[in-house]
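Written below as structure tokens is the structure these notes are about.
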Amino acid sequence: MKKEVQTGVKSPANYTVMEAVSDWLERGLKGRDAKTVGKNRTMAGKHLIPLIGKAKLRELSADDVDDWLDDRAEALATRSLRDLLAILRRSIAHAQRRDMAVRNVALLVSVPEGRPGRPSKALNLEQAKVVLAAARGSRLYAYLVLSLLSGVRTEEARPLTWDHVFLETKDGVPSHVAVWRSVRKHGETKTRKSRRTIALPKQVVDVLEEHLRWQKQERASKGKEWSPTGLVFTTRNGEPLDAANVRRDFKAIVKKAGLKPEWTPRELRHSFVSLLSDHGIPLEAIALLVGHSSQATTEAVYRKQLRPVITKGAEAMDDIFAEDQEGEDTEDEEEGDARLIKFVWPSVRPQV
């Protein structure tokens, strides 16, 4: 009561946690992406409101929040617990801004260790080749080749347009792709460093050229039914691919390849890092290629695969996925050492 007098805030005696959370979900998420709003509503409706929603916000203590989180730790991963606590913190902060609460007790507690999440996996070289072979001829083939051999995120591949893909070598600049957009709100990439321009392995160029010819034929046959989106990867009518459909089709391809259907498209990126690491590509080059904000991120996520070996040589993915190298002329070591891999071309800008 003294604090209420000092601050000039008189919190309602019957204002509950459920009301605070509901108010934040209704008014505090304006302008946010629909998926973000839906995720917060689902988590709050399943794990927060049913358990502590009836508690009066004025009487909520740090111990109450700790007990609630400890209970949820038996069912949720640490990342989910962190998101859940963030919902409560923001809901109470929203109530404070409206003079409905004096203090935010959720700021006084820490996130407990939750259930271990599903560990990330990476395809080895043989598994990767089998998956690509199984995907050949499918609508997802070029998508998988680009993701696996270039490290493009699945959220970056789906909105990729042809005006950001350069399949011809020009003025000494190799074939490349400008990864400057994602499916996130306003088309922004995950981080600032995720916006990058990367050279394409020859196999990716060949597959994308074939994909472009095939798409032109399909577009001509559809006529006015084709949506003029300019996307590289589309549905049968030229519409953007849906993430759920990509996961479904990829699962069918993995099953066809004879692997367990537990793999997801995002693990193609993990496989990209693993294959480069096993090939001896240095950590700093891998971090630059995948658009990580720091090498620490790459090392923390992929530490089981990474080998800190610094080498120089021909383009890594063309070497890794070379189908037949017998009888090919090899360059001497001096020439091999002189050929540095040019992964990133920041001076190249896509034609808009």
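By convention in this document, the chains of the structure tokens carry letters A, B, ... by their order, each chain's residues are numbered from 1, and ligands are numbered from 1 in the order they are shown.
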
Could you tell me, as a PyMOL selection string, which residues of region 51-145 of chain A DSSP assigns to helix (DSSP H, G or I) when given the backbone?
chain A and resi 51-52+57-59+62-72+78-97+105-108+125-135+141-145

Dump of C-alpha atoms for the selected residues, as a compact mmCIF listing (two decimals), in the first residue's frame:
# COMPACT_ATOMS: atom_id res chain seq x y z
CA LEU A 51 -2.13 -22.68 -14.37
CA ILE A 52 -1.68 -19.21 -12.85
CA LEU A 57 -1.70 -9.90 -10.13
CA ARG A 58 -1.41 -7.73 -7.03
CA GLU A 59 -0.65 -10.80 -4.91
CA ALA A 62 8.32 -14.49 -7.37
CA ASP A 63 7.87 -17.84 -5.63
CA ASP A 64 4.58 -18.36 -7.47
CA VAL A 65 6.32 -17.75 -10.80
CA ASP A 66 9.22 -20.03 -9.85
CA ASP A 67 6.86 -22.86 -8.91
CA TRP A 68 4.94 -22.44 -12.15
CA LEU A 69 8.09 -22.54 -14.27
CA ASP A 70 9.45 -25.57 -12.39
CA ASP A 71 6.21 -27.39 -13.14
CA ARG A 72 6.41 -26.50 -16.87
CA THR A 78 14.41 -24.48 -22.07
CA ARG A 79 13.76 -22.32 -25.14
CA SER A 80 9.99 -22.69 -24.68
CA LEU A 81 10.28 -21.82 -20.98
CA ARG A 82 12.20 -18.69 -21.92
CA ASP A 83 9.46 -17.67 -24.35
CA LEU A 84 6.78 -18.41 -21.76
CA LEU A 85 8.43 -16.25 -19.10
CA ALA A 86 8.81 -13.47 -21.66
CA ILE A 87 5.05 -13.51 -22.20
CA LEU A 88 4.42 -13.05 -18.48
CA ARG A 89 7.05 -10.33 -18.15
CA ARG A 90 5.66 -8.36 -21.06
CA SER A 91 2.09 -8.79 -19.87
CA ILE A 92 2.92 -7.39 -16.44
CA ALA A 93 4.98 -4.57 -17.99
CA HIS A 94 1.95 -3.76 -20.16
CA ALA A 95 -0.19 -3.65 -17.00
CA GLN A 96 2.33 -1.36 -15.31
CA ARG A 97 2.13 1.13 -18.17
CA VAL A 105 7.76 -9.95 -10.13
CA ALA A 106 8.49 -11.95 -13.29
CA LEU A 107 11.71 -9.96 -13.66
CA LEU A 108 12.97 -11.43 -10.38
CA LEU A 125 27.93 -37.33 -47.62
CA GLU A 126 26.43 -40.68 -48.55
CA GLN A 127 23.05 -39.81 -47.04
CA ALA A 128 23.09 -36.42 -48.80
CA LYS A 129 23.75 -38.06 -52.18
CA VAL A 130 20.96 -40.59 -51.61
CA VAL A 131 18.48 -37.83 -50.70
CA LEU A 132 19.36 -35.78 -53.79
CA ALA A 133 19.04 -38.85 -55.99
CA ALA A 134 15.60 -39.58 -54.53
CA ALA A 135 14.53 -35.97 -55.12
CA TYR A 141 14.78 -31.07 -56.37
CA ALA A 142 16.27 -27.64 -57.19
CA TYR A 143 15.15 -26.34 -53.78
CA LEU A 144 17.02 -29.13 -52.00
CA VAL A 145 20.14 -28.79 -54.14

Which polymer residues have any atom within 9 Å of an atom of Arg236 (chain A), counting only C-alpha atoms, with same-chain residues fewer than 2 positions away left out, as an mmCIF file with N, CA and C atoms, in the first residue's frame?
data_model
loop_
_atom_site.group_PDB
_atom_site.id
_atom_site.type_symbol
_atom_site.label_atom_id
_atom_site.label_comp_id
_atom_site.auth_asym_id
_atom_site.auth_seq_id
_atom_site.Cartn_x
_atom_site.Cartn_y
_atom_site.Cartn_z
ATOM 1 N N ARG A 139 9.406 -31.632 -57.794
ATOM 2 C CA ARG A 139 9.343 -30.173 -57.773
ATOM 3 C C ARG A 139 10.326 -29.589 -56.767
ATOM 4 N N GLU A 218 6.241 -24.689 -67.866
ATOM 5 C CA GLU A 218 5.045 -24.827 -67.025
ATOM 6 C C GLU A 218 4.244 -23.535 -67.022
ATOM 7 N N ARG A 219 4.936 -22.402 -66.954
ATOM 8 C CA ARG A 219 4.249 -21.107 -66.954
ATOM 9 C C ARG A 219 3.505 -20.888 -68.263
ATOM 10 N N LYS A 222 0.307 -22.959 -68.350
ATOM 11 C CA LYS A 222 -0.736 -22.502 -67.420
ATOM 12 C C LYS A 222 -1.415 -21.227 -67.902
ATOM 13 N N TRP A 226 -1.182 -18.807 -64.100
ATOM 14 C CA TRP A 226 0.100 -18.703 -63.420
ATOM 15 C C TRP A 226 0.213 -17.355 -62.705
ATOM 16 N N THR A 234 7.985 -22.457 -56.663
ATOM 17 C CA THR A 234 6.565 -22.149 -56.584
ATOM 18 C C THR A 234 5.718 -23.420 -56.555
ATOM 19 N N GLY A 238 2.336 -21.162 -59.663
ATOM 20 C CA GLY A 238 3.227 -20.023 -59.496
ATOM 21 C C GLY A 238 3.098 -19.313 -58.170
ATOM 22 N N GLU A 239 2.347 -19.888 -57.241
ATOM 23 C CA GLU A 239 2.167 -19.272 -55.922
ATOM 24 C C GLU A 239 3.349 -19.625 -55.008
#

Would you kindly return, as a PyMOL selection string, each protein, DNA or RNA residue with an atom no farther than 12 Å from any atom of region 256-265 of chain A, considering only C-alpha atoms and excluding same-chain residues fewer than 6 positions away?
chain A and resi 118-124+126-136+138+140+143-148+151-158+243-250+271-272

Could you please take those selected residues and save C-alpha atoms as a compact mmCIF listing (two decimals), in the first residue's frame?
# COMPACT_ATOMS: atom_id res chain seq x y z
CA ARG A 118 15.61 -32.68 -30.22
CA PRO A 119 19.30 -32.52 -31.13
CA SER A 120 20.16 -31.08 -34.51
CA LYS A 121 21.38 -33.60 -37.06
CA ALA A 122 23.37 -33.44 -40.26
CA LEU A 123 23.35 -35.73 -43.27
CA ASN A 124 26.68 -37.33 -44.04
CA GLU A 126 26.43 -40.68 -48.55
CA GLN A 127 23.05 -39.81 -47.04
CA ALA A 128 23.09 -36.42 -48.80
CA LYS A 129 23.75 -38.06 -52.18
CA VAL A 130 20.96 -40.59 -51.61
CA VAL A 131 18.48 -37.83 -50.70
CA LEU A 132 19.36 -35.78 -53.79
CA ALA A 133 19.04 -38.85 -55.99
CA ALA A 134 15.60 -39.58 -54.53
CA ALA A 135 14.53 -35.97 -55.12
CA ARG A 136 15.58 -35.89 -58.77
CA SER A 138 10.46 -33.79 -58.15
CA LEU A 140 11.55 -29.87 -54.71
CA TYR A 143 15.15 -26.34 -53.78
CA LEU A 144 17.02 -29.13 -52.00
CA VAL A 145 20.14 -28.79 -54.14
CA LEU A 146 20.34 -25.04 -53.42
CA SER A 147 19.74 -25.54 -49.69
CA LEU A 148 22.24 -28.39 -49.28
CA GLY A 151 23.53 -23.28 -47.00
CA VAL A 152 20.50 -21.09 -47.75
CA ARG A 153 17.89 -21.18 -44.98
CA THR A 154 14.53 -22.66 -45.91
CA GLU A 155 12.92 -19.33 -45.00
CA GLU A 156 15.34 -17.63 -47.42
CA ALA A 157 14.80 -20.10 -50.28
CA ARG A 158 11.00 -19.84 -50.37
CA ALA A 243 6.49 -24.27 -45.19
CA ALA A 244 4.21 -27.14 -44.20
CA ASN A 245 4.04 -28.39 -47.79
CA VAL A 246 7.84 -28.25 -48.10
CA ARG A 247 8.19 -30.32 -44.92
CA ARG A 248 5.64 -32.84 -46.18
CA ASP A 249 7.27 -33.26 -49.59
CA PHE A 250 10.74 -33.46 -48.05
CA SER A 271 24.41 -30.73 -43.34
CA PHE A 272 25.97 -27.96 -45.44

DSSP strand (DSSP E) residues within region 75-323 of chain A, listed as a PyMOL selection string:
chain A and resi 165-166+176-179+196-199

Quote the spacing between CA of Lys202 (chain A) and CA of Pro240 (chain A) in Å to one decimal place.
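Interatomic distance, CA of Lys202 (chain A) to CA of Pro240 (chain A): 25.9 Å.
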
Residue contacts of Glu210 (chain A) (12 Å, only C-alpha atoms) excluding same-chain residues fewer than 4 positions away, as a PyMOL selection string:
chain A and resi 136-137+139+141-142+167+203-206+214-217+232
